[in-house]
Amino acid sequence: MPDLPEPDLLEQQNPLIVIASNRGPFSFSYDAGSETFDIKRGAGGLVTALSALVERHDVRWIAAALGEDDIHWASANPRPTAVQGISLQLMIPDAEAYRQYYSVIANPLLWFIQHQLWDAPRTPSIMQETWQAWQAGYVQVNQQFASTIAESLPAESDRPILILPQDYHLYLVPHYLREALGDRVIIQPFVHIPWPGIDAWQILPAQMRDALLRGLLAADRVGFQTHKDAFNFVQTCRFYLEDAHSYGSRTSIVYNGHKVEAAAYPISIDVEKVLQIAQETETNLFKRQLLNFLGDNRLILRTDRIEPSKNILRGLEAFRVLLQKYPQHHGSVNMLALLVPSRMEVDEYQTYFQEIMALAGMINAEFSQELWEPVRIIVGDNYVRAIAAMQLYDVLLVNPIADGMNLVAKEGVLVNQRNGMLVLSENAGAFYELGEHALTVSPYDVYGTAEALNTALTMPSAERETRAAPLREIVRAADVRHWFSAQVNDALRASSTQAKQAATSETS
Ligand code: G6P
């Protein structure tokens with residue numbers, strides 16, 4: 001398995017790799033007693049992918065300081081500082097600018113557009129506050145990211161510098177980086193969330209929309225989760241920007257005389273690490289507790305952030321329809337929802353959480369009998385518990401309205417021990433890799449989802465195995481390190497081709 005980028009390219013070119021993301025790879029908590037920081041490593045794929053590289057290569061990570069303790073650490077370490085092999089720099093944004101950037105523009109405005117969650121007759125309304133949040137929040141924090149990155153770079157370097165800004169928080173960063181650094185850097189953002197078709201972008205005022213698109217078009221290549229996202233991006237640029245042309249290509253845009261590629265790199269998981277967690281003692285303890293709770297009952301599992309795009313309400317509705325239509329499941333099936341609190345500072349998320357709890361209560365009130373309560377919700381962030389539950393499901397429900405990839409689907413099919421069925425939304429990026437062997441549903445089709453749950457619960461065991469085995473293999477074969485190495489290789493290959501072309505044209 002090629003865990004690292006192609007050795008030749010990496011060794012020959014020995015690039016400086018800079019990752020920029022809103023949330024960093026570590027969070028810090030200060031222990032006043034020992035006057036030291038506890039460091040917790042995030043579970044994200046990027047930090048995993050990078051850990052294979054950091055020993056021999058120069059990797060930097062620039063992120064925002066998110067809480068008081070992060071700020072404390074950042075003040076004590078104003079320059080890039082080695083943390084578990086990664087050279088980390090946390091920039092400290094102004095608190096109000098950060099609120100506007102994160103809680104008004106990135107979440108919910110951009111997130112809701114890209115997951116198509118707005119209820120157009122009612123929301124959103126772009127108000128004066130939104131415009132202020134755009135200028136004084138999103139634009140400002142993006143500028144600060146770009147200048148922090150630029151200042152952290154060596155004044156001169158004969159090695160390629162590869163800058164990888166991550167996700168929808170940083171769409172303007174390529175533009176400001178190009179302004180500051182010109183062509184001496186390779187800029188290759190990755191968009192982790194869906195890129196919808198042109199109509200979805202009509203919600204944004206032209207000035208904001210064009211700035212985002214031009215921001216990204218200052219890059220050399222933009223990475224997406226699926227070919228559909230990359231294609232939609234090309235179409236969006238062509239449609240809204242008069243001076244952007246694709247000349248028939250589905251994967252590139254020419255803008256300002258500069259060709260920008262749009263490429264798909266489907267993200268995956270750290271296969272080895274997930275399998276290892278699945279076997280740990282703590283995981284087994286959770287498994288035993290879950291088995292006590294379940295007894296002989298079958299388990300429909302979901303595990304998600306508390307997030308409107310995950311479609312948790314329609315998932316509950318589908319379970320309700322299942323119990324109405326197929327009473328044979330009463331008393332013998334449980335739906336367990338492991339829900340991780342997320343973005344509770346954003347109003348839409350709080351309301352959504354309340355609605356979930358209310359609906360789960362209604363379903364339990366309608367169907368509970370004796371000691372059987374059909375829906376159980378456990379709120380909290382516990383990855384080990386989630387991995388334990390994934391080993392035990394008979395059905396894993398992954399029904400997002402839209403999702404860049406959805407790693408739960410990949411983790412689930414990898415660790416499950418019961419030949420459980422995956423009920424998968426056709427709007428999750430994972431659909432393109434796993435859809436063939438899953439039971440696929442439209443996220444809006446509550447009735448169809450209930451039918452899929454019933455099909456999964458009643459499927460003969462031979463067919464369950466025929467579906468579960470290839471799913472496991474697909475995930476095993478695409479470790480997250482491939483995702484990262486493919487991006488680095490493409491960037492380095494393109495830059496050496498360009499350098500060769502420039503040299504040839506100088507000599508001719
Ligand atoms: C999810 C998305 C990522 C996004 C992240 C931000 O994990 O899949 O694309 O970057 O949320 O989450 P945060 O908790 O930092 O708002």
# chains A, B, ... in the order shown; residues from 1 in each chain; ligands from 1

$ residues_near_ligand --ligand "ligand 1" --cutoff "7 Å" --atoms "only C-alpha atoms and all ligand atoms" --output "ChimeraX atom specification"
/A:22-23,167,192-193,342-343,404

$ residues_around --residues "Ile113 in chain A" --least-positions-apart "3" --cutoff "9 Å" --atoms "only C-alpha atoms" --output "mmCIF file with C-alpha atoms, in the first residue's frame"
data_model
loop_
_atom_site.group_PDB
_atom_site.id
_atom_site.type_symbol
_atom_site.label_atom_id
_atom_site.label_comp_id
_atom_site.auth_asym_id
_atom_site.auth_seq_id
_atom_site.Cartn_x
_atom_site.Cartn_y
_atom_site.Cartn_z
ATOM 1 C CA PRO A 108 -24.704 28.479 8.619
ATOM 2 C CA LEU A 109 -24.666 30.528 5.382
ATOM 3 C CA LEU A 110 -22.110 28.638 3.265
ATOM 4 C CA GLN A 116 -28.925 22.735 0.317
ATOM 5 C CA LEU A 117 -30.584 23.137 3.689
ATOM 6 C CA TRP A 118 -32.174 26.570 3.368
ATOM 7 C CA PRO A 196 -23.859 22.010 -5.377
ATOM 8 C CA ALA A 200 -27.923 26.694 -5.170
ATOM 9 C CA TRP A 201 -25.393 29.548 -5.392
ATOM 10 C CA ILE A 203 -28.786 32.531 -2.639
ATOM 11 C CA LEU A 204 -25.513 34.421 -2.256
#

$ closest_residue --among "A:Thr226, A:Gln202, A:Thr466, A:Gln135" --to "Leu172 in chain A" --atoms "only C-alpha atoms"
A:Gln135

$ residues_around --residues "Trp61 in chain A" --least-positions-apart "3" --cutoff "7 Å" --atoms "only C-alpha atoms" --output "list in words"
Val18, Ile19, Ala20, Ile86, Ser87, Leu88 and Gln89 of chain A

$ write_last_selection --atoms "C-alpha atoms" --output "PDB file, in the first residue's frame"
ATOM      1  CA  VAL A  18       1.744  23.840   4.533  1.00  0.00           C
ATOM      2  CA  ILE A  19      -1.751  22.848   5.625  1.00  0.00           C
ATOM      3  CA  ALA A  20      -4.187  25.582   6.638  1.00  0.00           C
ATOM      4  CA  ILE A  86       4.006  18.628  13.065  1.00  0.00           C
ATOM      5  CA  SER A  87       5.178  22.201  13.056  1.00  0.00           C
ATOM      6  CA  LEU A  88       2.087  23.987  14.342  1.00  0.00           C
ATOM      7  CA  GLN A  89       1.172  27.640  14.381  1.00  0.00           C
TER       8      GLN A  89
END

$ closest_residue --among "A:Ala244, A:Leu290, A:Ile186, A:Val415" --to "Pro160 in chain A" --atoms "only C-alpha atoms"
A:Ile186

$ select_by_dssp --residues "range 311-379 of chain A" --states "strand (DSSP E)" --output "ChimeraX atom specification"
/A:333-340,375-379

$ select_by_dssp --residues "range 143-383 of chain A" --states "alpha helix (DSSP H)" --output "MDAnalysis selection string"
chainID A and resid 143:152 173:181 206:217 227:240 271:279 281:294 312:325 347:367 383

$ closest_residue --among "A:Gly67, A:Pro400, A:Gly380, A:Pro78" --to "Phe26 in chain A" --atoms "only C-alpha atoms"
A:Gly67

$ residues_around --residues "Leu316 in chain A" --least-positions-apart "6" --cutoff "10 Å" --atoms "only C-alpha atoms" --output "PDB file with N, CA and C atoms, in the first residue's frame"
ATOM      1  N   LEU A 322     -41.732   2.443   9.881  1.00  0.00           N
ATOM      2  CA  LEU A 322     -41.411   1.008   9.948  1.00  0.00           C
ATOM      3  C   LEU A 322     -42.253   0.337  11.046  1.00  0.00           C
ATOM      4  N   MET A 335     -33.704   1.325  17.749  1.00  0.00           N
ATOM      5  CA  MET A 335     -32.885   2.307  17.039  1.00  0.00           C
ATOM      6  C   MET A 335     -32.025   3.020  18.076  1.00  0.00           C
ATOM      7  N   ALA A 337     -29.302   6.018  18.495  1.00  0.00           N
ATOM      8  CA  ALA A 337     -28.675   7.170  17.832  1.00  0.00           C
ATOM      9  C   ALA A 337     -27.598   7.729  18.753  1.00  0.00           C
ATOM     10  N   ILE A 356     -35.091  16.927  17.470  1.00  0.00           N
ATOM     11  CA  ILE A 356     -34.751  15.487  17.500  1.00  0.00           C
ATOM     12  C   ILE A 356     -35.247  14.870  18.809  1.00  0.00           C
ATOM     13  N   LEU A 359     -39.017  14.526  18.858  1.00  0.00           N
ATOM     14  CA  LEU A 359     -39.553  13.472  17.984  1.00  0.00           C
ATOM     15  C   LEU A 359     -39.258  12.083  18.545  1.00  0.00           C
ATOM     16  N   ALA A 360     -38.047  11.907  19.066  1.00  0.00           N
ATOM     17  CA  ALA A 360     -37.709  10.601  19.658  1.00  0.00           C
ATOM     18  C   ALA A 360     -38.673  10.305  20.813  1.00  0.00           C
ATOM     19  N   ILE A 363     -42.059   9.161  19.484  1.00  0.00           N
ATOM     20  CA  ILE A 363     -42.054   7.773  18.974  1.00  0.00           C
ATOM     21  C   ILE A 363     -42.061   6.795  20.152  1.00  0.00           C
ATOM     22  N   VAL A 375     -36.615   3.869  20.717  1.00  0.00           N
ATOM     23  CA  VAL A 375     -35.506   4.763  20.342  1.00  0.00           C
ATOM     24  C   VAL A 375     -34.656   5.076  21.563  1.00  0.00           C
ATOM     25  N   VAL A 446     -39.061   9.249   3.051  1.00  0.00           N
ATOM     26  CA  VAL A 446     -39.212   8.626   4.373  1.00  0.00           C
ATOM     27  C   VAL A 446     -39.812   7.227   4.217  1.00  0.00           C
ATOM     28  N   ALA A 450     -38.095   3.668   5.211  1.00  0.00           N
ATOM     29  CA  ALA A 450     -38.711   2.671   6.098  1.00  0.00           C
ATOM     30  C   ALA A 450     -38.706   1.302   5.417  1.00  0.00           C
TER      31      ALA A 450
END

$ residues_around --residues "range 175-177 of chain A" --least-positions-apart "5" --cutoff "6 Å" --atoms "only C-alpha atoms" --output "list in words"
Ala146, Gly215 and Ala218 of chain A

$ residues_around --residues "range 271-285 of chain A" --least-positions-apart "4" --cutoff "9 Å" --atoms "only C-alpha atoms" --output "VMD selection string"
chain A and resid 289 to 290 384 to 389 391 411 414 to 415 475 to 480
